[in-house]
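J.: I am sharing final23.pdb, which consists of PDB, C-alpha atoms, pLDDT in the B column:
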ATOM      1  CA  MET A   1      67.002 120.475  77.117  1.00 45.00           C
ATOM      2  CA  GLY A   2      64.330 123.158  77.509  1.00 54.00           C
ATOM      3  CA  LYS A   3      62.032 123.434  80.460  1.00 57.00           C
ATOM      4  CA  PRO A   4      58.361 122.363  80.096  1.00 63.00           C
ATOM      5  CA  ALA A   5      55.990 125.098  78.993  1.00 60.00           C
ATOM      6  CA  TRP A   6      54.229 125.141  82.350  1.00 59.00           C
ATOM      7  CA  LEU A   7      57.539 126.167  83.956  1.00 57.00           C
ATOM      8  CA  LEU A   8      58.214 128.936  81.464  1.00 52.00           C
ATOM      9  CA  VAL A   9      54.742 130.462  81.282  1.00 46.00           C
ATOM     10  CA  ILE A  10      52.503 130.515  84.333  1.00 41.00           C
ATOM     11  CA  VAL A  11      49.042 129.886  82.939  1.00 39.00           C
ATOM     12  CA  LEU A  12      46.452 130.714  85.570  1.00 42.00           C
ATOM     13  CA  THR A  13      42.765 131.424  85.796  1.00 40.00           C
ATOM     14  CA  VAL A  14      41.519 134.138  88.086  1.00 38.00           C
ATOM     15  CA  ALA A  15      39.215 132.726  90.738  1.00 38.00           C
ATOM     16  CA  GLY A  16      35.607 133.848  90.607  1.00 38.00           C
ATOM     17  CA  CYS A  17      33.281 134.421  93.516  1.00 34.00           C
ATOM     18  CA  THR A  18      32.236 130.793  94.005  1.00 39.00           C
ATOM     19  CA  VAL A  19      33.538 129.262  97.202  1.00 39.00           C
ATOM     20  CA  ILE A  20      34.882 125.737  96.657  1.00 46.00           C
ATOM     21  CA  GLY A  21      34.597 123.330  99.556  1.00 51.00           C
ATOM     22  CA  PRO A  22      37.747 121.462 100.633  1.00 56.00           C
ATOM     23  CA  ASP A  23      36.406 118.094  99.464  1.00 60.00           C
ATOM     24  CA  GLU A  24      34.811 119.205  96.207  1.00 71.00           C
ATOM     25  CA  PRO A  25      36.540 118.295  92.929  1.00 79.00           C
ATOM     26  CA  VAL A  26      38.409 121.151  91.284  1.00 90.00           C
ATOM     27  CA  THR A  27      39.298 121.541  87.637  1.00 95.00           C
ATOM     28  CA  PRO A  28      43.035 122.301  87.302  1.00 97.00           C
ATOM     29  CA  ALA A  29      43.905 125.662  85.788  1.00 96.00           C
ATOM     30  CA  PRO A  30      44.408 125.696  82.006  1.00 95.00           C
ATOM     31  CA  GLY A  31      47.982 124.844  81.102  1.00 95.00           C
ATOM     32  CA  SER A  32      48.551 122.778  84.253  1.00 97.00           C
ATOM     33  CA  PRO A  33      51.116 119.969  84.071  1.00 98.00           C
ATOM     34  CA  THR A  34      49.644 116.526  83.525  1.00 98.00           C
ATOM     35  CA  ARG A  35      49.350 113.596  85.880  1.00 98.00           C
ATOM     36  CA  ALA A  36      52.004 111.820  83.789  1.00 98.00           C
ATOM     37  CA  GLN A  37      54.441 114.707  84.206  1.00 98.00           C
ATOM     38  CA  LEU A  38      53.963 114.772  87.970  1.00 98.00           C
ATOM     39  CA  THR A  39      54.236 110.985  88.196  1.00 98.00           C
ATOM     40  CA  ALA A  40      57.548 111.086  86.342  1.00 98.00           C
ATOM     41  CA  LEU A  41      58.883 113.644  88.813  1.00 98.00           C
ATOM     42  CA  LEU A  42      57.543 111.668  91.785  1.00 98.00           C
ATOM     43  CA  ASP A  43      59.254 108.550  90.455  1.00 98.00           C
ATOM     44  CA  THR A  44      62.553 110.472  90.323  1.00 98.00           C
ATOM     45  CA  VAL A  45      62.625 112.496  93.546  1.00 98.00           C
ATOM     46  CA  ARG A  46      64.258 111.096  96.679  1.00 98.00           C
ATOM     47  CA  VAL A  47      61.972 110.510  99.656  1.00 98.00           C
ATOM     48  CA  ILE A  48      63.068 110.623 103.302  1.00 98.00           C
ATOM     49  CA  ALA A  49      61.078 109.858 106.415  1.00 98.00           C
ATOM     50  CA  ALA A  50      61.038 113.350 107.936  1.00 98.00           C
ATOM     51  CA  ARG A  51      62.723 116.740 107.734  1.00 98.00           C
ATOM     52  CA  PRO A  52      65.986 116.736 109.665  1.00 97.00           C
ATOM     53  CA  ARG A  53      66.906 119.757 111.755  1.00 95.00           C
ATOM     54  CA  PRO A  54      70.696 120.135 111.589  1.00 95.00           C
ATOM     55  CA  GLY A  55      70.697 123.750 112.820  1.00 96.00           C
ATOM     56  CA  GLY A  56      72.987 126.498 111.597  1.00 97.00           C
ATOM     57  CA  TYR A  57      70.575 128.175 109.178  1.00 97.00           C
ATOM     58  CA  GLU A  58      71.079 131.953 109.102  1.00 97.00           C
ATOM     59  CA  ARG A  59      69.771 133.864 106.103  1.00 95.00           C
ATOM     60  CA  GLY A  60      70.823 137.300 107.360  1.00 95.00           C
ATOM     61  CA  CYS A  61      74.050 138.869 106.171  1.00 95.00           C
ATOM     62  CA  LYS A  62      74.651 141.576 108.773  1.00 94.00           C
ATOM     63  CA  ALA A  63      77.757 141.443 110.932  1.00 94.00           C
ATOM     64  CA  GLY A  64      77.818 138.277 112.968  1.00 92.00           C
ATOM     65  CA  ARG A  65      75.305 136.466 110.756  1.00 94.00           C
ATOM     66  CA  ALA A  66      76.221 133.434 108.656  1.00 96.00           C
ATOM     67  CA  CYS A  67      74.594 134.619 105.383  1.00 97.00           C
ATOM     68  CA  VAL A  68      74.406 130.971 104.296  1.00 98.00           C
ATOM     69  CA  PHE A  69      72.676 131.637 100.948  1.00 98.00           C
ATOM     70  CA  GLY A  70      74.576 134.833 100.160  1.00 98.00           C
ATOM     71  CA  PRO A  71      73.207 138.391 100.064  1.00 97.00           C
ATOM     72  CA  ALA A  72      69.529 138.548  99.179  1.00 97.00           C
ATOM     73  CA  TRP A  73      68.875 138.877  95.425  1.00 98.00           C
ATOM     74  CA  THR A  74      72.541 139.195  94.545  1.00 98.00           C
ATOM     75  CA  ASP A  75      73.491 139.449  90.891  1.00 98.00           C
ATOM     76  CA  ASP A  76      76.754 137.699  91.763  1.00 97.00           C
ATOM     77  CA  SER A  77      75.707 134.120  91.047  1.00 97.00           C
ATOM     78  CA  ASP A  78      75.746 131.703  88.146  1.00 96.00           C
ATOM     79  CA  ALA A  79      71.952 131.319  88.266  1.00 96.00           C
ATOM     80  CA  PRO A  80      69.957 132.256  85.144  1.00 95.00           C
ATOM     81  CA  GLY A  81      70.053 136.051  84.892  1.00 94.00           C
ATOM     82  CA  GLY A  82      73.130 136.309  87.080  1.00 97.00           C
ATOM     83  CA  HIS A  83      75.873 138.785  86.220  1.00 97.00           C
ATOM     84  CA  ASP A  84      73.525 140.792  83.989  1.00 97.00           C
ATOM     85  CA  GLY A  85      73.791 143.985  86.053  1.00 97.00           C
ATOM     86  CA  CYS A  86      70.279 143.649  87.533  1.00 98.00           C
ATOM     87  CA  ASP A  87      69.365 142.207  90.925  1.00 98.00           C
ATOM     88  CA  THR A  88      67.371 138.973  91.075  1.00 98.00           C
ATOM     89  CA  ARG A  89      64.198 140.523  92.505  1.00 98.00           C
ATOM     90  CA  ASN A  90      63.862 142.944  89.593  1.00 98.00           C
ATOM     91  CA  ASN A  91      64.611 140.128  87.151  1.00 98.00           C
ATOM     92  CA  VAL A  92      61.769 138.059  88.628  1.00 98.00           C
ATOM     93  CA  LEU A  93      59.355 140.982  88.498  1.00 98.00           C
ATOM     94  CA  ALA A  94      60.294 141.733  84.889  1.00 98.00           C
ATOM     95  CA  THR A  95      59.777 138.090  83.934  1.00 98.00           C
ATOM     96  CA  GLN A  96      56.535 137.343  85.757  1.00 98.00           C
ATOM     97  CA  LEU A  97      54.585 140.612  85.665  1.00 98.00           C
ATOM     98  CA  ARG A  98      52.786 141.952  82.612  1.00 98.00           C
ATOM     99  CA  GLU A  99      52.437 145.554  81.427  1.00 98.00           C
ATOM    100  CA  VAL A 100      55.841 146.158  82.976  1.00 98.00           C
ATOM    101  CA  VAL A 101      57.254 149.676  83.233  1.00 98.00           C
ATOM    102  CA  HIS A 102      60.971 150.083  83.940  1.00 98.00           C
ATOM    103  CA  ARG A 103      63.079 152.881  85.322  1.00 97.00           C
ATOM    104  CA  GLY A 104      66.360 152.555  83.542  1.00 97.00           C
ATOM    105  CA  ARG A 105      67.343 149.092  82.368  1.00 97.00           C
ATOM    106  CA  CYS A 106      66.649 147.086  85.519  1.00 98.00           C
ATOM    107  CA  VAL A 107      64.240 148.617  88.010  1.00 98.00           C
ATOM    108  CA  VAL A 108      60.596 147.572  87.673  1.00 98.00           C
ATOM    109  CA  VAL A 109      58.329 150.422  88.791  1.00 98.00           C
ATOM    110  CA  GLU A 110      54.922 149.173  87.612  1.00 98.00           C
ATOM    111  CA  GLY A 111      53.227 146.006  86.438  1.00 98.00           C
ATOM    112  CA  ILE A 112      50.456 143.514  87.093  1.00 98.00           C
ATOM    113  CA  LEU A 113      50.947 140.078  88.629  1.00 98.00           C
ATOM    114  CA  THR A 114      48.513 137.200  88.337  1.00 98.00           C
ATOM    115  CA  ASP A 115      49.397 135.606  91.641  1.00 98.00           C
ATOM    116  CA  PRO A 116      50.270 131.915  91.170  1.00 98.00           C
ATOM    117  CA  TYR A 117      49.153 131.128  94.727  1.00 98.00           C
ATOM    118  CA  THR A 118      45.842 133.020  94.954  1.00 98.00           C
ATOM    119  CA  ALA A 119      44.943 133.405  91.241  1.00 97.00           C
ATOM    120  CA  THR A 120      44.145 137.066  91.780  1.00 98.00           C
ATOM    121  CA  ASP A 121      45.594 140.069  89.996  1.00 98.00           C
ATOM    122  CA  ILE A 122      47.829 142.370  92.043  1.00 98.00           C
ATOM    123  CA  ARG A 123      48.966 145.725  90.719  1.00 98.00           C
ATOM    124  CA  PHE A 124      52.600 146.444  91.520  1.00 98.00           C
ATOM    125  CA  THR A 125      54.018 149.915  92.019  1.00 98.00           C
ATOM    126  CA  LYS A 126      57.493 150.714  93.260  1.00 96.00           C
ATOM    127  CA  SER A 127      56.043 153.018  95.916  1.00 96.00           C
ATOM    128  CA  ASP A 128      54.149 150.066  97.418  1.00 97.00           C
ATOM    129  CA  ALA A 129      56.648 147.351  96.540  1.00 96.00           C
ATOM    130  CA  GLY A 130      55.951 145.254  99.632  1.00 97.00           C
ATOM    131  CA  ARG A 131      52.612 144.092  98.197  1.00 97.00           C
ATOM    132  CA  ILE A 132      54.525 141.644  96.010  1.00 98.00           C
ATOM    133  CA  GLN A 133      57.248 139.423  97.415  1.00 98.00           C
ATOM    134  CA  ILE A 134      59.458 136.753  95.871  1.00 98.00           C
ATOM    135  CA  ASP A 135      58.944 133.218  97.149  1.00 98.00           C
ATOM    136  CA  HIS A 136      61.416 130.365  97.066  1.00 98.00           C
ATOM    137  CA  VAL A 137      59.159 127.502  95.989  1.00 98.00           C
ATOM    138  CA  TYR A 138      61.405 125.048  97.805  1.00 98.00           C
ATOM    139  CA  PRO A 139      62.059 127.205 100.889  1.00 98.00           C
ATOM    140  CA  LEU A 140      65.616 128.138 101.756  1.00 98.00           C
ATOM    141  CA  ALA A 141      65.314 126.925 105.355  1.00 98.00           C
ATOM    142  CA  ALA A 142      63.859 123.617 104.188  1.00 98.00           C
ATOM    143  CA  ALA A 143      66.617 123.243 101.589  1.00 98.00           C
ATOM    144  CA  TRP A 144      69.217 123.872 104.284  1.00 98.00           C
ATOM    145  CA  ASP A 145      67.693 121.165 106.466  1.00 98.00           C
ATOM    146  CA  MET A 146      67.344 118.720 103.569  1.00 98.00           C
ATOM    147  CA  GLY A 147      70.916 118.909 102.326  1.00 98.00           C
ATOM    148  CA  ALA A 148      71.968 122.419 101.292  1.00 98.00           C
ATOM    149  CA  ALA A 149      73.957 122.746 104.528  1.00 98.00           C
ATOM    150  CA  THR A 150      76.599 120.584 102.838  1.00 98.00           C
ATOM    151  CA  TRP A 151      76.645 122.501  99.538  1.00 98.00           C
ATOM    152  CA  THR A 152      79.296 124.952  98.443  1.00 98.00           C
ATOM    153  CA  PRO A 153      78.519 128.657  98.929  1.00 97.00           C
ATOM    154  CA  ASP A 154      78.350 129.085  95.142  1.00 98.00           C
ATOM    155  CA  LYS A 155      75.687 126.395  94.816  1.00 98.00           C
ATOM    156  CA  ARG A 156      73.643 127.920  97.625  1.00 98.00           C
ATOM    157  CA  ARG A 157      73.784 131.365  95.980  1.00 98.00           C
ATOM    158  CA  ARG A 158      72.647 129.827  92.713  1.00 98.00           C
ATOM    159  CA  PHE A 159      69.744 128.061  94.426  1.00 98.00           C
ATOM    160  CA  ALA A 160      68.628 131.243  96.182  1.00 98.00           C
ATOM    161  CA  ASN A 161      68.600 133.199  92.914  1.00 98.00           C
ATOM    162  CA  ASP A 162      67.425 130.590  90.383  1.00 98.00           C
ATOM    163  CA  LEU A 163      64.565 132.476  88.766  1.00 97.00           C
ATOM    164  CA  ALA A 164      64.163 129.797  86.081  1.00 97.00           C
ATOM    165  CA  VAL A 165      63.174 127.120  88.601  1.00 97.00           C
ATOM    166  CA  ASN A 166      62.768 128.199  92.215  1.00 98.00           C
ATOM    167  CA  LEU A 167      61.389 131.751  92.355  1.00 98.00           C
ATOM    168  CA  LEU A 168      57.805 132.987  92.058  1.00 98.00           C
ATOM    169  CA  ALA A 169      56.429 136.467  92.605  1.00 98.00           C
ATOM    170  CA  THR A 170      53.380 136.352  94.877  1.00 98.00           C
ATOM    171  CA  GLY A 171      51.367 138.534  97.211  1.00 98.00           C
ATOM    172  CA  ALA A 172      52.825 139.331 100.612  1.00 98.00           C
ATOM    173  CA  ALA A 173      50.078 137.548 102.555  1.00 98.00           C
ATOM    174  CA  ALA A 174      50.487 134.285 100.662  1.00 98.00           C
ATOM    175  CA  ASN A 175      54.263 134.385 100.947  1.00 98.00           C
ATOM    176  CA  GLN A 176      54.160 135.049 104.672  1.00 98.00           C
ATOM    177  CA  SER A 177      51.557 132.353 105.327  1.00 98.00           C
ATOM    178  CA  LYS A 178      53.767 129.828 103.560  1.00 98.00           C
ATOM    179  CA  GLY A 179      56.947 130.691 105.447  1.00 97.00           C
ATOM    180  CA  ASP A 180      59.348 127.740 105.188  1.00 98.00           C
ATOM    181  CA  ASP A 181      56.574 125.142 104.985  1.00 98.00           C
ATOM    182  CA  THR A 182      56.731 122.261 102.520  1.00 98.00           C
ATOM    183  CA  PRO A 183      53.705 120.782 100.662  1.00 98.00           C
ATOM    184  CA  ALA A 184      52.460 118.602 103.532  1.00 98.00           C
ATOM    185  CA  ASP A 185      51.932 121.767 105.602  1.00 98.00           C
ATOM    186  CA  TRP A 186      51.077 124.410 102.991  1.00 98.00           C
ATOM    187  CA  LEU A 187      49.511 124.538  99.546  1.00 98.00           C
ATOM    188  CA  PRO A 188      48.385 127.543  97.498  1.00 98.00           C
ATOM    189  CA  PRO A 189      44.943 128.873  98.442  1.00 98.00           C
ATOM    190  CA  ALA A 190      43.909 128.643  94.758  1.00 98.00           C
ATOM    191  CA  ARG A 191      43.253 124.905  94.452  1.00 97.00           C
ATOM    192  CA  PRO A 192      43.135 124.943  90.616  1.00 98.00           C
ATOM    193  CA  ASN A 193      46.855 125.828  90.741  1.00 98.00           C
ATOM    194  CA  HIS A 194      47.903 122.856  92.882  1.00 98.00           C
ATOM    195  CA  CYS A 195      49.106 120.797  89.912  1.00 98.00           C
ATOM    196  CA  PHE A 196      51.322 123.672  88.805  1.00 98.00           C
ATOM    197  CA  TYR A 197      52.699 124.163  92.306  1.00 98.00           C
ATOM    198  CA  ALA A 198      53.353 120.446  92.853  1.00 98.00           C
ATOM    199  CA  ALA A 199      55.257 120.164  89.591  1.00 98.00           C
ATOM    200  CA  LYS A 200      57.214 123.333  90.314  1.00 98.00           C
ATOM    201  CA  TYR A 201      58.207 122.086  93.771  1.00 98.00           C
ATOM    202  CA  LEU A 202      59.209 118.661  92.469  1.00 98.00           C
ATOM    203  CA  THR A 203      61.213 120.165  89.603  1.00 98.00           C
ATOM    204  CA  VAL A 204      63.302 122.170  92.078  1.00 98.00           C
ATOM    205  CA  ALA A 205      63.822 119.059  94.221  1.00 98.00           C
ATOM    206  CA  VAL A 206      64.917 116.948  91.261  1.00 98.00           C
ATOM    207  CA  ASP A 207      67.126 119.641  89.697  1.00 98.00           C
ATOM    208  CA  TYR A 208      68.998 120.181  92.976  1.00 98.00           C
ATOM    209  CA  ASP A 209      68.822 116.585  94.252  1.00 98.00           C
ATOM    210  CA  LEU A 210      66.843 117.639  97.309  1.00 98.00           C
ATOM    211  CA  PRO A 211      64.470 115.111  98.898  1.00 98.00           C
ATOM    212  CA  VAL A 212      60.849 115.393  99.905  1.00 98.00           C
ATOM    213  CA  THR A 213      59.527 113.995 103.148  1.00 98.00           C
ATOM    214  CA  ALA A 214      57.182 111.021 103.261  1.00 98.00           C
ATOM    215  CA  ALA A 215      54.364 113.396 104.221  1.00 98.00           C
ATOM    216  CA  ASP A 216      55.186 115.710 101.297  1.00 98.00           C
ATOM    217  CA  ASN A 217      55.329 112.708  98.986  1.00 98.00           C
ATOM    218  CA  ALA A 218      51.851 111.591 100.036  1.00 98.00           C
ATOM    219  CA  THR A 219      50.445 115.094  99.519  1.00 98.00           C
ATOM    220  CA  LEU A 220      52.052 115.432  96.091  1.00 98.00           C
ATOM    221  CA  HIS A 221      50.781 112.010  94.992  1.00 98.00           C
ATOM    222  CA  ASP A 222      47.284 113.051  96.050  1.00 98.00           C
ATOM    223  CA  ILE A 223      47.568 116.201  93.926  1.00 98.00           C
ATOM    224  CA  ALA A 224      48.894 114.245  90.942  1.00 98.00           C
ATOM    225  CA  ARG A 225      45.820 112.001  90.923  1.00 97.00           C
ATOM    226  CA  ARG A 226      43.660 115.071  90.232  1.00 96.00           C
ATOM    227  CA  CYS A 227      45.820 116.540  87.446  1.00 98.00           C
ATOM    228  CA  PRO A 228      44.709 116.341  83.805  1.00 96.00           C
TER     229      PRO A 228
END
Please lay out the structure from this file as structure tokens.

T.:
Amino acid sequence: MGKPAWLLVIVLTVAGCTVIGPDEPVTPAPGSPTRAQLTALLDTVRVIAARPRPGGYERGCKAGRACVFGPAWTDDSDAPGGHDGCDTRNNVLATQLREVVHRGRCVVVEGILTDPYTATDIRFTKSDAGRIQIDHVYPLAAAWDMGAATWTPDKRRRFANDLAVNLLATGAAANQSKGDDTPADWLPPARPNHCFYAAKYLTVAVDYDLPVTAADNATLHDIARRCP
């Protein structure tokens, strides 16, 4: 069964100069998922009281590190785009940027991103690649705490490289401000994109049978009430 259109094509509007107050109503970005779609996901996702902290999470893969989700952006996974000869980061850039210029078959050297978290355009060049980073919508550390610690290594590698569901290109500042926060603690600065983000987060949770916390659940329900 195919993914909903809002998962396949990120439809965003670029924010203008008007400052929107935190309590003012916001019109969701064109193409946002509907309240009914979010409600269906919220009715499906598991809810737990709070995020457990089992310990043992180590993303790094240098000597002595656990490398629990496999090498960063490995092509050696059964995630969409895996085993195609291109690393996951370049696959995400090629999928989500426009006006893409490649070097060879895989390497993205230029393009423009409409940032799904800030709704601003960011020009990407290989020489300044750090301006655009790849975010795990459902953070790896949170996934580890919420159940991925018990998964097989293959499933964790798939999760970390699943560009169809769990990866979004975004600006460095937005990605770093998010860290491993979940929706109760962090939402995209561009409020018109909250419906998109909520549905994206819930889709990852449902697809991988990961729970949301009670606080996340309350935040996501609040977002759903304002979706079209």

J.: I would like the residues chosen by the PyMOL selection byres ((chain A and resi 189-204) around 9) on the shown file; could you give them as a PyMOL selection string?

T.: chain A and resi 6-7+10-15+20+22+26-35+37-38+41-42+45+116-120+137-138+165-166+174+182-183+186-188+205-210+212+220+223-224+226-228

J.: Rounded to one decimal in Å, what is the spacing between CA of Ala172 in chain A and CA of Arg225 in chain A?

T.: 29.8 Å

J.: I would like the residues chosen by the PyMOL selection byres ((chain A and resi 65-73) around 6) on the shown file; could you give them as a list in words?

T.: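 Output of the PyMOL selection byres ((chain A and resi 65-73) around 6): Glu58, Arg59, Gly60, Cys61, Lys62, Ala63, Gly64, Thr74, Asp87, Thr88, Arg89, Arg156 and Arg157 of chain A.
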
J.: When you draw a straight line from CA of Thr219 in chain A to CA of Ala184 in chain A, how long is it in Å?

T.: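 Going from CA of Thr219 in chain A over to CA of Ala184 in chain A, I get 5.7 Å.
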
J.: Selection in question (the file shown): the PyMOL selection byres ((chain A and resi 175) around 10). Which residues does it include, as a list in words?

T.: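 Applying the PyMOL selection byres ((chain A and resi 175) around 10) to the structure shown produces Tyr117, Ile132, Gln133, Ile134, Asp135, His136, Val137, Leu168, Ala169, Thr170, Gly171, Ala172, Ala173, Ala174, Gln176, Ser177, Lys178, Gly179, Asp180 and Pro188 of chain A.
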
J.: One number please: CA of Gln96 in chain A to CA of Arg123 in chain A, in Å, one decimal.

T.: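 Spanning CA of Gln96 in chain A to CA of Arg123 in chain A is a straight-line distance of 12.3 Å.
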
J.: Which residues come within 8 Å of Asp75 in chain A, counting only C-alpha atoms, excluding same-chain residues fewer than 3 positions away, as an NGL selection string?

T.: :A and (81-88)

J.: Between A:Arg103, A:Arg51, A:Arg46, A:Lys155, which is the closest to Ala142 in chain A once you count all atoms listed in the file?

T.: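 For Ala142 in chain A, the nearest of the given residues is A:Arg51.
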
J.: As a PyMOL selection string, please: the residues near Gly111 in chain A (cut-off 12 Å, all atoms listed in the file, same-chain neighbours under 5 positions excluded).

T.: chain A and resi 90+92-102+121-126+128-129+131-132+169

J.: With distances taken over only C-alpha atoms, which residue among A:Thr44, A:Pro211, A:Glu24, A:Ala164 lies nearest Met146 in chain A?

T.: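 Nearest to Met146 in chain A: A:Pro211.
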
J.: Please, what is the axis-aligned box for every listed atom of range 162-175 of chain A with 6 Å on each side, as centre and edge lengths in Å to one decimal, as lines of an AutoDock Vina configuration file?

T.:
center_x = 58.8
center_y = 133.2
center_z = 94.3
size_x = 29.3
size_y = 24.2
size_z = 28.5

J.: Have a look at A:Pro139, A:Pro52, A:Gly147, A:Gly130 and name the one nearest to Leu167 in chain A; count only C-alpha atoms.

T.: A:Pro139
